$ cat my_file-v8.cif   # mmCIF, C-alpha atoms
data_entry
#
loop_
_atom_site.label_atom_id
_atom_site.label_comp_id
_atom_site.auth_asym_id
_atom_site.auth_seq_id
_atom_site.Cartn_x
_atom_site.Cartn_y
_atom_site.Cartn_z
CA MET A 1418 -229.49 152.98 -218.14
CA PHE A 1419 -232.14 150.94 -219.90
CA PHE A 1420 -232.15 152.29 -223.40
CA GLY A 1421 -228.62 152.48 -224.78
CA ALA A 1422 -228.60 154.81 -227.76
CA LEU A 1423 -231.80 156.63 -226.71
CA ASP A 1424 -230.18 157.70 -223.45
CA SER A 1425 -227.21 159.23 -225.20
CA VAL A 1426 -229.38 161.01 -227.77
CA TRP A 1427 -231.80 162.58 -225.31
CA GLU A 1428 -229.40 163.48 -222.56
CA THR A 1429 -226.16 164.60 -224.18
CA GLU A 1430 -224.99 168.05 -223.04
CA TYR A 1431 -224.10 170.29 -225.95
CA VAL A 1432 -221.70 173.21 -225.90
CA ALA A 1433 -221.74 174.96 -229.24
CA GLU A 1434 -221.02 178.46 -230.45
CA SER A 1435 -224.39 179.01 -232.10
CA ARG A 1436 -227.89 177.60 -231.95
CA GLU A 1437 -227.52 176.35 -235.51
CA GLU A 1438 -224.38 174.45 -234.56
CA THR A 1439 -226.15 172.93 -231.58
CA LEU A 1440 -229.06 171.87 -233.81
CA ARG A 1441 -226.65 170.27 -236.30
CA ALA A 1442 -225.04 168.34 -233.45
CA LEU A 1443 -228.44 167.18 -232.17
CA ILE A 1444 -229.61 166.11 -235.64
CA GLU A 1445 -226.38 164.20 -236.28
CA LYS A 1446 -226.72 162.42 -232.95
CA VAL A 1447 -230.36 161.45 -233.58
CA ALA A 1448 -229.92 160.51 -237.27
CA GLY A 1449 -226.48 158.95 -236.95
CA LYS A 1450 -225.53 160.80 -240.16
CA PRO A 1451 -224.15 164.27 -240.98
CA ALA A 1452 -226.66 167.12 -240.84
CA PRO A 1453 -227.25 168.97 -244.13
CA GLU A 1454 -225.11 172.02 -244.97
CA ASP A 1455 -228.19 173.82 -246.27
CA ALA A 1456 -230.26 174.99 -243.29
CA ASP A 1457 -233.38 174.96 -245.46
CA GLU A 1458 -233.06 171.34 -246.61
CA SER A 1459 -235.95 169.11 -245.49
CA LEU A 1460 -234.82 166.65 -242.84
CA PHE A 1461 -237.68 164.28 -243.66
CA GLU A 1462 -237.78 164.38 -247.47
CA SER A 1463 -234.02 163.84 -247.54
CA GLY A 1464 -234.58 160.67 -245.52
CA LEU A 1465 -232.30 161.89 -242.74
CA LEU A 1466 -235.03 161.66 -240.09
CA ASP A 1467 -237.80 159.05 -239.98
CA SER A 1468 -241.00 159.05 -237.94
CA PHE A 1469 -239.29 157.63 -234.84
CA ALA A 1470 -236.29 159.96 -235.05
CA LEU A 1471 -238.59 163.00 -234.94
CA PRO A 1472 -239.81 162.50 -231.34
CA ASP A 1473 -236.20 161.76 -230.36
CA LEU A 1474 -235.13 165.07 -231.93
CA VAL A 1475 -237.91 167.00 -230.18
CA SER A 1476 -236.89 165.48 -226.82
CA ALA A 1477 -233.24 166.28 -227.50
CA ILE A 1478 -234.13 169.89 -228.38
CA GLU A 1479 -236.15 170.23 -225.18
CA HIS A 1480 -233.23 168.99 -223.13
CA ALA A 1481 -230.55 171.00 -224.92
CA PHE A 1482 -232.45 174.31 -224.79
CA SER A 1483 -234.26 173.71 -221.48
CA ILE A 1484 -237.70 174.22 -223.01
CA LYS A 1485 -240.96 172.26 -223.10
CA VAL A 1486 -242.57 171.87 -226.53
CA PRO A 1487 -246.33 171.97 -225.87
CA ASP A 1488 -248.68 169.55 -227.65
CA ALA A 1489 -250.07 172.42 -229.71
CA ASP A 1490 -246.61 172.88 -231.26
CA LEU A 1491 -246.18 169.19 -232.12
CA ASN A 1492 -246.30 169.76 -235.86
CA PRO A 1493 -243.64 167.98 -237.94
CA ARG A 1494 -243.39 171.03 -240.23
CA LYS A 1495 -241.95 173.09 -237.38
CA PHE A 1496 -239.04 170.62 -237.20
CA ASP A 1497 -238.55 169.90 -240.91
CA SER A 1498 -235.29 171.87 -241.37
CA ILE A 1499 -232.58 173.49 -239.32
CA ALA A 1500 -233.93 176.90 -240.33
CA ARG A 1501 -237.49 176.02 -239.27
CA ILE A 1502 -236.36 174.68 -235.90
CA ASP A 1503 -234.23 177.81 -235.43
CA ALA A 1504 -237.26 179.99 -236.22
CA TYR A 1505 -239.42 177.99 -233.82
CA LEU A 1506 -236.90 178.39 -231.02
CA SER A 1507 -236.72 182.14 -231.73
CA SER A 1508 -240.47 182.33 -231.25
CA LYS A 1509 -240.28 180.76 -227.81
CA MET B 333 -268.75 150.93 -205.26
CA SER B 334 -265.54 149.48 -206.68
CA ALA B 335 -264.99 147.78 -210.03
CA TYR B 336 -262.74 144.74 -210.50
CA LEU B 337 -261.05 143.00 -213.43
CA ARG B 338 -262.40 139.46 -213.14
CA ALA B 339 -260.76 137.79 -216.15
CA PHE B 340 -259.34 138.39 -219.62
CA GLY B 341 -259.78 136.37 -222.81
CA ARG B 342 -258.62 136.35 -226.42
CA TYR B 343 -258.94 134.79 -229.82
CA VAL B 344 -256.37 134.97 -232.60
CA PRO B 345 -256.90 133.39 -236.02
CA GLU B 346 -254.87 130.33 -236.99
CA ARG B 347 -253.20 131.71 -240.11
CA VAL B 348 -249.72 133.06 -239.37
CA VAL B 349 -248.37 135.65 -241.84
CA ALA B 350 -244.64 136.03 -241.39
CA ASN B 351 -242.70 139.05 -242.62
CA ALA B 352 -241.23 136.99 -245.44
CA GLU B 353 -244.73 136.49 -246.90
CA LEU B 354 -245.41 140.24 -246.92
CA ALA B 355 -241.94 141.32 -247.97
CA ALA B 356 -242.18 140.63 -251.68
CA ARG B 357 -245.60 142.26 -252.06
CA LEU B 358 -244.52 145.35 -250.13
CA ASP B 359 -241.09 145.63 -251.79
CA ARG B 360 -239.36 145.44 -248.42
CA THR B 361 -237.23 142.80 -246.73
CA ALA B 362 -238.39 140.79 -243.72
CA GLU B 363 -235.54 142.33 -241.73
CA TRP B 364 -236.60 145.87 -242.68
CA ILE B 365 -240.14 145.18 -241.44
CA GLU B 366 -238.86 143.79 -238.13
CA ASN B 367 -236.45 146.70 -237.60
CA ALA B 368 -239.13 149.28 -238.40
CA SER B 369 -241.86 147.74 -236.25
CA GLY B 370 -240.60 144.94 -234.00
CA ILE B 371 -243.09 142.64 -235.76
CA ARG B 372 -242.02 139.18 -236.96
CA GLU B 373 -245.45 137.79 -237.80
CA ARG B 374 -249.14 138.56 -237.48
CA ARG B 375 -252.40 136.58 -237.81
CA TYR B 376 -254.93 136.97 -240.62
CA ALA B 377 -258.53 135.85 -240.20
CA ALA B 378 -259.99 133.28 -242.58
CA ALA B 379 -262.54 134.34 -245.19
CA ASP B 380 -265.39 133.01 -243.05
CA GLU B 381 -264.20 134.81 -239.91
CA ASP B 382 -265.21 138.37 -239.18
CA VAL B 383 -265.20 140.91 -236.34
CA VAL B 384 -268.31 139.29 -234.83
CA SER B 385 -267.13 135.68 -234.93
CA MET B 386 -263.72 136.59 -233.44
CA ALA B 387 -265.40 138.72 -230.76
CA VAL B 388 -267.66 135.81 -229.78
CA ARG B 389 -264.64 133.46 -229.43
CA ALA B 390 -262.75 135.98 -227.27
CA GLY B 391 -265.85 136.73 -225.18
CA LEU B 392 -266.53 133.04 -224.50
CA ASP B 393 -262.86 132.51 -223.57
CA CYS B 394 -263.08 135.38 -221.09
CA LEU B 395 -266.35 134.16 -219.54
CA GLN B 396 -264.98 130.64 -219.23
CA ARG B 397 -261.87 131.88 -217.45
CA ALA B 398 -264.07 133.93 -215.12
CA GLY B 399 -266.38 130.99 -214.48
CA VAL B 400 -269.35 133.13 -215.48
CA GLU B 401 -272.35 132.12 -217.60
CA PRO B 402 -273.17 134.45 -220.52
CA GLY B 403 -276.65 134.94 -219.10
CA SER B 404 -275.29 136.81 -216.10
CA VAL B 405 -273.66 139.54 -218.20
CA GLY B 406 -275.46 142.82 -217.61
CA LEU B 407 -273.87 144.92 -220.37
CA LEU B 408 -271.80 144.12 -223.45
CA ILE B 409 -269.43 146.69 -224.95
CA VAL B 410 -267.79 145.88 -228.28
CA ALA B 411 -264.91 148.03 -229.52
CA SER B 412 -264.04 147.78 -233.20
CA GLY B 413 -262.82 150.16 -235.86
CA SER B 414 -263.04 147.54 -238.59
CA GLY B 415 -266.62 146.37 -238.07
CA THR B 416 -269.14 146.82 -240.83
CA SER B 417 -270.07 150.42 -241.54
CA GLY B 418 -273.61 151.65 -241.12
CA PHE B 419 -275.94 150.29 -238.51
CA PRO B 420 -276.41 148.26 -236.43
CA GLY B 421 -272.81 147.85 -235.30
CA PRO B 422 -271.33 144.47 -234.38
CA ALA B 423 -272.29 144.62 -230.67
CA VAL B 424 -275.85 143.32 -231.15
CA SER B 425 -274.65 140.47 -233.36
CA VAL B 426 -272.07 139.48 -230.74
CA ALA B 427 -274.71 139.70 -227.99
CA HIS B 428 -277.11 137.56 -230.01
CA ALA B 429 -274.45 134.93 -230.71
CA LEU B 430 -273.56 134.83 -227.01
CA GLY B 431 -277.22 134.34 -226.13
CA LEU B 432 -277.49 137.58 -224.18
CA GLY B 433 -281.17 138.09 -225.09
CA SER B 434 -282.18 141.71 -224.48
CA THR B 435 -279.04 142.63 -222.54
CA PRO B 436 -277.87 146.09 -223.70
CA ALA B 437 -275.03 145.95 -226.23
CA LEU B 438 -272.98 149.05 -226.99
CA ASP B 439 -270.60 149.71 -229.89
CA VAL B 440 -267.43 151.74 -229.42
CA PRO B 441 -266.16 152.36 -232.98
CA VAL B 442 -262.99 154.13 -231.86
CA ALA B 443 -260.25 151.99 -233.54
CA SER B 444 -256.98 151.61 -231.65
CA ALA B 445 -258.00 153.41 -228.44
CA GLY B 446 -261.36 151.61 -228.38
CA SER B 447 -260.47 149.06 -225.73
CA VAL B 448 -259.20 151.63 -223.24
CA PHE B 449 -262.32 153.75 -223.83
CA ALA B 450 -264.52 150.65 -223.38
CA LEU B 451 -262.65 149.62 -220.22
CA ALA B 452 -263.11 153.10 -218.76
CA LEU B 453 -266.84 152.95 -219.57
CA ALA B 454 -267.13 149.48 -218.01
CA MET B 455 -265.47 150.73 -214.84
CA ARG B 456 -268.13 153.45 -214.50
CA LEU B 457 -271.11 151.40 -215.72
CA THR B 458 -270.70 148.16 -213.77
CA GLU B 459 -272.40 149.68 -210.74
CA ALA B 460 -275.57 150.23 -212.79
CA HIS B 461 -275.46 147.13 -215.01
CA GLY B 462 -273.66 144.43 -213.06
CA LYS B 463 -271.12 142.36 -214.96
CA VAL B 464 -269.80 144.22 -218.01
CA LEU B 465 -268.17 142.19 -220.78
CA VAL B 466 -265.80 144.27 -222.90
CA ILE B 467 -264.64 142.81 -226.22
CA ALA B 468 -262.36 144.44 -228.79
CA SER B 469 -262.26 142.73 -232.18
CA GLU B 470 -260.56 143.75 -235.41
CA LYS B 471 -260.19 142.32 -238.91
CA MET B 472 -257.56 144.77 -240.13
CA SER B 473 -256.31 142.50 -242.93
CA VAL B 474 -259.25 143.49 -245.14
CA LEU B 475 -258.53 147.23 -244.69
CA ILE B 476 -254.86 147.36 -245.59
CA GLY B 477 -253.61 148.24 -249.05
CA ASP B 478 -250.14 148.18 -250.58
CA ASP B 479 -248.59 151.02 -248.57
CA PRO B 480 -245.69 149.22 -246.85
CA ASN B 481 -245.70 151.53 -243.83
CA THR B 482 -249.23 150.51 -242.85
CA ALA B 483 -249.63 147.08 -244.46
CA MET B 484 -246.65 145.66 -242.54
CA LEU B 485 -248.18 146.63 -239.19
CA PHE B 486 -251.64 145.19 -238.94
CA GLY B 487 -253.06 141.83 -237.92
CA ASP B 488 -256.40 140.36 -236.86
CA GLY B 489 -257.69 139.17 -233.50
CA ALA B 490 -259.90 139.85 -230.50
CA GLY B 491 -259.42 140.43 -226.78
CA ALA B 492 -261.86 140.60 -223.88
CA VAL B 493 -262.15 141.54 -220.22
CA LEU B 494 -264.92 141.05 -217.68
CA VAL B 495 -265.51 143.89 -215.20
CA SER B 496 -267.73 143.52 -212.15
CA THR B 497 -268.36 144.96 -208.71
CA GLU B 498 -267.71 141.63 -207.02
CA PRO B 499 -264.33 141.79 -205.25
CA GLY B 500 -261.59 139.66 -206.78
CA GLY B 501 -258.66 140.40 -209.05
CA LEU B 502 -257.28 143.85 -209.72
CA ARG B 503 -259.39 146.84 -208.64
CA LEU B 504 -259.99 149.58 -211.19
CA VAL B 505 -259.04 152.87 -209.58
CA ASP B 506 -259.26 155.61 -212.19
CA ALA B 507 -259.43 156.36 -215.89
CA VAL B 508 -258.45 159.36 -218.00
CA LEU B 509 -259.70 159.75 -221.58
CA HIS B 510 -258.89 162.37 -224.21
CA SER B 511 -259.89 163.09 -227.83
CA ASP B 512 -258.73 165.76 -230.26
CA GLY B 513 -260.48 165.99 -233.63
CA ALA B 514 -257.85 168.40 -234.97
CA TYR B 515 -255.97 165.27 -236.01
CA ARG B 516 -258.92 163.28 -237.41
CA ASP B 517 -257.38 163.14 -240.91
CA ASP B 518 -253.96 161.92 -239.78
CA LEU B 519 -255.12 158.32 -239.30
CA ALA B 520 -258.32 157.26 -241.01
CA PHE B 521 -260.05 154.58 -243.04
CA ASP B 522 -262.51 155.84 -245.65
CA GLY B 523 -262.22 153.12 -248.22
CA SER B 524 -258.45 153.13 -247.93
CA LEU B 525 -256.24 153.28 -244.88
CA ARG B 526 -254.36 156.58 -244.54
CA MET B 527 -251.72 157.34 -241.93
CA ASN B 528 -249.56 160.43 -241.53
CA GLY B 529 -246.87 158.46 -239.75
CA LEU B 530 -244.77 161.47 -238.76
CA ASN B 531 -247.64 163.14 -236.94
CA VAL B 532 -249.17 159.96 -235.49
CA ILE B 533 -245.92 158.74 -233.95
CA LEU B 534 -244.88 162.20 -232.78
CA HIS B 535 -248.17 162.64 -230.90
CA ALA B 536 -248.42 159.04 -229.67
CA SER B 537 -244.89 159.12 -228.28
CA ARG B 538 -245.79 162.20 -226.23
CA LYS B 539 -249.45 161.68 -225.37
CA MET B 540 -249.16 158.09 -224.13
CA PRO B 541 -246.61 158.83 -221.37
CA ALA B 542 -248.42 162.09 -220.59
CA VAL B 543 -251.82 160.43 -220.03
CA ILE B 544 -250.17 157.66 -217.99
CA ASP B 545 -248.57 160.31 -215.79
CA GLU B 546 -251.94 162.08 -215.56
CA VAL B 547 -253.86 159.03 -214.32
CA LEU B 548 -251.06 158.15 -211.87
CA GLN B 549 -250.78 161.67 -210.47
CA ARG B 550 -254.52 161.69 -209.70
CA SER B 551 -253.82 158.79 -207.34
CA GLN B 552 -250.59 160.32 -206.01
CA MET B 553 -248.57 157.61 -207.75
CA THR B 554 -245.56 157.55 -210.06
CA ALA B 555 -244.58 155.31 -212.96
CA ALA B 556 -241.85 153.79 -210.79
CA GLN B 557 -244.57 152.20 -208.62
CA VAL B 558 -246.30 150.46 -211.54
CA GLY B 559 -245.56 146.77 -211.94
CA THR B 560 -246.77 146.28 -215.50
CA PHE B 561 -247.80 148.54 -218.37
CA LEU B 562 -250.34 146.93 -220.72
CA LEU B 563 -250.31 149.15 -223.80
CA HIS B 564 -251.80 149.19 -227.27
CA GLN B 565 -249.29 147.17 -229.29
CA ALA B 566 -248.82 149.74 -232.05
CA ASN B 567 -245.11 149.47 -232.83
CA LEU B 568 -242.24 148.17 -230.70
CA ASN B 569 -240.22 151.33 -231.35
CA LEU B 570 -243.10 153.39 -229.95
CA LEU B 571 -243.43 151.18 -226.85
CA THR B 572 -239.69 151.57 -226.21
CA ARG B 573 -240.00 155.35 -226.38
CA VAL B 574 -242.99 155.37 -224.03
CA ALA B 575 -240.97 153.37 -221.47
CA LYS B 576 -238.04 155.74 -221.91
CA SER B 577 -240.24 158.80 -221.38
CA LEU B 578 -241.68 157.23 -218.21
CA ASN B 579 -238.14 156.33 -217.10
CA VAL B 580 -239.13 152.73 -216.46
CA ASP B 581 -237.40 149.51 -217.44
CA ARG B 582 -238.62 148.44 -220.87
CA GLU B 583 -239.22 144.94 -219.44
CA ARG B 584 -242.13 146.34 -217.42
CA VAL B 585 -243.98 147.10 -220.66
CA PHE B 586 -245.57 143.80 -221.70
CA THR B 587 -245.14 143.15 -225.43
CA ASN B 588 -246.43 140.52 -227.81
CA ILE B 589 -246.41 142.66 -230.95
CA GLU B 590 -243.64 140.50 -232.40
CA ARG B 591 -246.19 137.65 -232.81
CA TYR B 592 -249.45 139.46 -233.55
CA GLY B 593 -248.54 142.82 -235.07
CA ASN B 594 -250.84 145.76 -234.45
CA THR B 595 -254.40 144.45 -233.98
CA SER B 596 -255.76 147.97 -233.32
CA SER B 597 -258.25 148.03 -230.43
CA ALA B 598 -257.86 144.29 -229.79
CA SER B 599 -254.14 144.51 -229.08
CA MET B 600 -254.29 145.88 -225.53
CA LEU B 601 -256.69 143.16 -224.36
CA ILE B 602 -254.90 140.35 -226.23
CA ALA B 603 -251.74 141.54 -224.46
CA ALA B 604 -253.54 141.67 -221.10
CA SER B 605 -254.88 138.16 -221.62
CA GLU B 606 -251.45 136.72 -222.38
CA TRP B 607 -249.87 138.68 -219.51
CA ALA B 608 -252.46 137.37 -217.03
CA GLU B 609 -251.91 133.82 -218.26
CA THR B 610 -248.14 133.88 -217.88
CA ASN B 611 -247.51 136.23 -214.94
CA PRO B 612 -248.73 136.71 -211.37
CA VAL B 613 -251.64 139.15 -211.67
CA ASP B 614 -250.22 141.76 -209.32
CA GLY B 615 -250.80 145.47 -209.51
CA PRO B 616 -250.44 148.26 -209.96
CA VAL B 617 -251.14 147.91 -213.67
CA VAL B 618 -251.64 150.72 -216.15
CA PHE B 619 -253.54 150.24 -219.42
CA CYS B 620 -252.98 152.81 -222.16
CA ALA B 621 -253.86 153.22 -225.83
CA PHE B 622 -253.64 155.86 -228.53
CA GLY B 623 -255.18 155.87 -231.98
CA ALA B 624 -257.22 157.40 -234.78
CA GLY B 625 -259.17 160.49 -233.87
CA PHE B 626 -256.90 161.17 -232.10
CA HIS B 627 -258.32 159.31 -229.08
CA TRP B 628 -256.11 158.29 -226.18
CA GLY B 629 -256.47 157.30 -222.56
CA ALA B 630 -255.15 155.38 -219.58
CA VAL B 631 -256.71 153.22 -216.86
CA LEU B 632 -255.13 152.41 -213.49
CA ALA B 633 -255.78 149.16 -211.61
CA VAL B 634 -254.26 148.08 -208.30
#
$ encode --input "my_file-v8.cif" --output "structure tokens"
Amino acid sequence: MFFGALDSVWETEYVAESREETLRALIEKVAGKPAPEDADESLFESGLLDSFALPDLVSAIEHAFSIKVPDADLNPRKFDSIARIDAYLSSK
Amino acid sequence: MSAYLRAFGRYVPERVVANAELAARLDRTAEWIENASGIRERRYAAADEDVVSMAVRAGLDCLQRAGVEPGSVGLLIVASGSGTSGFPGPAVSVAHALGLGSTPALDVPVASAGSVFALALAMRLTEAHGKVLVIASEKMSVLIGDDPNTAMLFGDGAGAVLVSTEPGGLRLVDAVLHSDGAYRDDLAFDGSLRMNGLNVILHASRKMPAVIDEVLQRSQMTAAQVGTFLLHQANLNLLTRVAKSLNVDRERVFTNIERYGNTSSASMLIAASEWAETNPVDGPVVFCAFGAGFHWGAVLAV
């Protein structure tokens, strides 16, 4: 265990009733603050996620949903709100 | 024929610019800058120093450490993203100052990934040209504006490495290079420095570990077998994430960003020079850099 907080953010197992709930839990873990109630609220413009929290969130999403986000999908806009992440995961 | 890393060298300007000096101008605190970047201070070149003069100092330091006369260099490669625009690039001026006569001198204007691209070229070209002197030199302090997110990062300096076919030192095994112009506008200097930090860090944090894995897999190796990672010193938070992605102890990633900031292409070779001076030069070692373009790559030495 070399990385303290990063380990817990990337590798936590989530059991939630819905994908949106899981995403809220992931965002709260990465940001260290409550996720927005409004699924359409920008995670970046609100200041909740900064440029280093974004790759942490993408890694956490990959782990939680057992997917691999390809480089071609590494566009911050796809991860800018709970609704956009939900839509992206639906497309996978 | 094999290629070997004979010696490293460096030059950093005397003037130290601590976070406290930048803080007021950038409307940030010194602590905020350190938390956001891992940087405590950086060096700024004097008015009469430029990319060429710093490159010459680093090149001479490298040649002296190698015990090699400038006249025996068969090819000079100069990486710089902050050299003068237009032509000729800085390489011929550096070659002239070093007394290299008509020795070929090649510019690699690739910014942050320039030194890893130049090292990969040197590895391939040493068989044809003999000793290849690679220098990366940057005067970033004249490019930065008032945007705190970029102005806090950059410093000035130069690093160098001598590559030759004569056995001795670490042996260069393989290199992997990539470029993707789809992201050319995300990090650019066209009179002002622009950086889409979200996209740059998202891609760097994924592409650096990926290209390291790629170069290692081609030699049937894993990150766990690598003794030291010598990376572009972009941001301490990024280096920590690269180590995490590779599942290696963060201590195996050499860092000196806290003292020099991000010196773009020069940073990887300044880091290598300090590492070689203060540690047993044992392999395997992986070099890796990512930057504007995007360009990124990794080089393996054992």
$ interface_residues --input "my_file-v8.cif" --of "chain B" --to "chain A" --cutoff "10 Å" --atoms "all atoms listed in the file" --output "CSV table (one decimal) with C-alpha atoms, in the frame of the given file"
chain,number,residue,atom,x,y,z
B,368,ALA,CA,-239.1,149.3,-238.4
B,528,ASN,CA,-249.6,160.4,-241.5
B,529,GLY,CA,-246.9,158.5,-239.8
B,530,LEU,CA,-244.8,161.5,-238.8
B,531,ASN,CA,-247.6,163.1,-236.9
B,532,VAL,CA,-249.2,160.0,-235.5
B,533,ILE,CA,-245.9,158.7,-234.0
B,534,LEU,CA,-244.9,162.2,-232.8
B,535,HIS,CA,-248.2,162.6,-230.9
B,536,ALA,CA,-248.4,159.0,-229.7
B,537,SER,CA,-244.9,159.1,-228.3
B,538,ARG,CA,-245.8,162.2,-226.2
B,539,LYS,CA,-249.4,161.7,-225.4
B,569,ASN,CA,-240.2,151.3,-231.4
B,570,LEU,CA,-243.1,153.4,-230.0
B,572,THR,CA,-239.7,151.6,-226.2
B,573,ARG,CA,-240.0,155.4,-226.4
B,575,ALA,CA,-241.0,153.4,-221.5
B,576,LYS,CA,-238.0,155.7,-221.9
B,577,SER,CA,-240.2,158.8,-221.4
B,579,ASN,CA,-238.1,156.3,-217.1
B,580,VAL,CA,-239.1,152.7,-216.5
B,581,ASP,CA,-237.4,149.5,-217.4
B,582,ARG,CA,-238.6,148.4,-220.9
B,583,GLU,CA,-239.2,144.9,-219.4
$ resolve_selection --input "my_file-v8.cif" --expression "the PyMOL selection byres ((chain A and resi 1502) around 12)" --output "PyMOL selection string"
chain A and resi 1436-1437+1439-1441+1443-1444+1456-1460+1471+1474-1475+1478-1479+1482+1486+1490-1501+1503-1509
$ atom_distance --input "my_file-v8.cif" --atom1 "CA of Asn588 (chain B)" --atom2 "CA of Leu525 (chain B)"
23.5 Å
$ resolve_selection --input "my_file-v8.cif" --expression "the PyMOL selection byres ((chain B and resi 504) around 6)" --output "list in words"
Ala335, Tyr336, Arg503, Val505 and Ala633 of chain B
$ resolve_selection --input "my_file-v8.cif" --expression "the PyMOL selection byres ((chain B and resi 487-492) around 7)" --output "PDB file with C-alpha atoms, keeping the file's coordinate frame"
ATOM      1  CA  PHE B 340    -259.340 138.390-219.620  1.00  0.00           C
ATOM      2  CA  GLY B 341    -259.780 136.370-222.810  1.00  0.00           C
ATOM      3  CA  ARG B 342    -258.620 136.350-226.420  1.00  0.00           C
ATOM      4  CA  TYR B 343    -258.940 134.790-229.820  1.00  0.00           C
ATOM      5  CA  VAL B 344    -256.370 134.970-232.600  1.00  0.00           C
ATOM      6  CA  PRO B 345    -256.900 133.390-236.020  1.00  0.00           C
ATOM      7  CA  ARG B 374    -249.140 138.560-237.480  1.00  0.00           C
ATOM      8  CA  ARG B 375    -252.400 136.580-237.810  1.00  0.00           C
ATOM      9  CA  TYR B 376    -254.930 136.970-240.620  1.00  0.00           C
ATOM     10  CA  ALA B 377    -258.530 135.850-240.200  1.00  0.00           C
ATOM     11  CA  MET B 386    -263.720 136.590-233.440  1.00  0.00           C
ATOM     12  CA  ALA B 387    -265.400 138.720-230.760  1.00  0.00           C
ATOM     13  CA  ALA B 390    -262.750 135.980-227.270  1.00  0.00           C
ATOM     14  CA  GLY B 391    -265.850 136.730-225.180  1.00  0.00           C
ATOM     15  CA  CYS B 394    -263.080 135.380-221.090  1.00  0.00           C
ATOM     16  CA  VAL B 466    -265.800 144.270-222.900  1.00  0.00           C
ATOM     17  CA  ILE B 467    -264.640 142.810-226.220  1.00  0.00           C
ATOM     18  CA  ALA B 468    -262.360 144.440-228.790  1.00  0.00           C
ATOM     19  CA  SER B 469    -262.260 142.730-232.180  1.00  0.00           C
ATOM     20  CA  GLU B 470    -260.560 143.750-235.410  1.00  0.00           C
ATOM     21  CA  LYS B 471    -260.190 142.320-238.910  1.00  0.00           C
ATOM     22  CA  MET B 472    -257.560 144.770-240.130  1.00  0.00           C
ATOM     23  CA  SER B 473    -256.310 142.500-242.930  1.00  0.00           C
ATOM     24  CA  LEU B 485    -248.180 146.630-239.190  1.00  0.00           C
ATOM     25  CA  PHE B 486    -251.640 145.190-238.940  1.00  0.00           C
ATOM     26  CA  VAL B 493    -262.150 141.540-220.220  1.00  0.00           C
ATOM     27  CA  LEU B 494    -264.920 141.050-217.680  1.00  0.00           C
ATOM     28  CA  TYR B 592    -249.450 139.460-233.550  1.00  0.00           C
ATOM     29  CA  GLY B 593    -248.540 142.820-235.070  1.00  0.00           C
ATOM     30  CA  ASN B 594    -250.840 145.760-234.450  1.00  0.00           C
ATOM     31  CA  THR B 595    -254.400 144.450-233.980  1.00  0.00           C
ATOM     32  CA  ALA B 598    -257.860 144.290-229.790  1.00  0.00           C
ATOM     33  CA  LEU B 601    -256.690 143.160-224.360  1.00  0.00           C
ATOM     34  CA  ILE B 602    -254.900 140.350-226.230  1.00  0.00           C
TER      35      ILE B 602
END
$ residues_near_point --input "my_file-v8.cif" --point "(-255.2, 163.7, -213.6)" --cutoff "12 Å" --atoms "all atoms listed in the file" --output "ChimeraX atom specification"
/B:506-510,542-554,629-632
$ write_last_selection --input "my_file-v8.cif" --atoms "C-alpha atoms" --output "PDB file, keeping the file's coordinate frame"
ATOM      1  CA  ASP B 506    -259.260 155.610-212.190  1.00  0.00           C
ATOM      2  CA  ALA B 507    -259.430 156.360-215.890  1.00  0.00           C
ATOM      3  CA  VAL B 508    -258.450 159.360-218.000  1.00  0.00           C
ATOM      4  CA  LEU B 509    -259.700 159.750-221.580  1.00  0.00           C
ATOM      5  CA  HIS B 510    -258.890 162.370-224.210  1.00  0.00           C
ATOM      6  CA  ALA B 542    -248.420 162.090-220.590  1.00  0.00           C
ATOM      7  CA  VAL B 543    -251.820 160.430-220.030  1.00  0.00           C
ATOM      8  CA  ILE B 544    -250.170 157.660-217.990  1.00  0.00           C
ATOM      9  CA  ASP B 545    -248.570 160.310-215.790  1.00  0.00           C
ATOM     10  CA  GLU B 546    -251.940 162.080-215.560  1.00  0.00           C
ATOM     11  CA  VAL B 547    -253.860 159.030-214.320  1.00  0.00           C
ATOM     12  CA  LEU B 548    -251.060 158.150-211.870  1.00  0.00           C
ATOM     13  CA  GLN B 549    -250.780 161.670-210.470  1.00  0.00           C
ATOM     14  CA  ARG B 550    -254.520 161.690-209.700  1.00  0.00           C
ATOM     15  CA  SER B 551    -253.820 158.790-207.340  1.00  0.00           C
ATOM     16  CA  GLN B 552    -250.590 160.320-206.010  1.00  0.00           C
ATOM     17  CA  MET B 553    -248.570 157.610-207.750  1.00  0.00           C
ATOM     18  CA  THR B 554    -245.560 157.550-210.060  1.00  0.00           C
ATOM     19  CA  GLY B 629    -256.470 157.300-222.560  1.00  0.00           C
ATOM     20  CA  ALA B 630    -255.150 155.380-219.580  1.00  0.00           C
ATOM     21  CA  VAL B 631    -256.710 153.220-216.860  1.00  0.00           C
ATOM     22  CA  LEU B 632    -255.130 152.410-213.490  1.00  0.00           C
TER      23      LEU B 632
END
$ atom_distance --input "my_file-v8.cif" --atom1 "CA of Ala443 (chain B)" --atom2 "CA of Ala423 (chain B)"
14.4 Å
$ residues_near_point --input "my_file-v8.cif" --point "(-261.7, 151.9, -230.0)" --cutoff "10 Å" --atoms "only C-alpha atoms" --output "PyMOL selection string"
chain B and resi 410-414+439-450+468-470+596-598+621-625+627-628
$ atom_distance --input "my_file-v8.cif" --atom1 "CA of Asp614 (chain B)" --atom2 "CA of Gly559 (chain B)"
7.3 Å
$ residues_around --input "my_file-v8.cif" --residues "Pro1451 (chain A)" --least-positions-apart "3" --cutoff "10 Å" --atoms "all atoms listed in the file" --output "list in words"
Arg1441, Ala1442, Ile1444, Glu1445, Lys1446, Ala1448, Glu1454 and Leu1465 of chain A
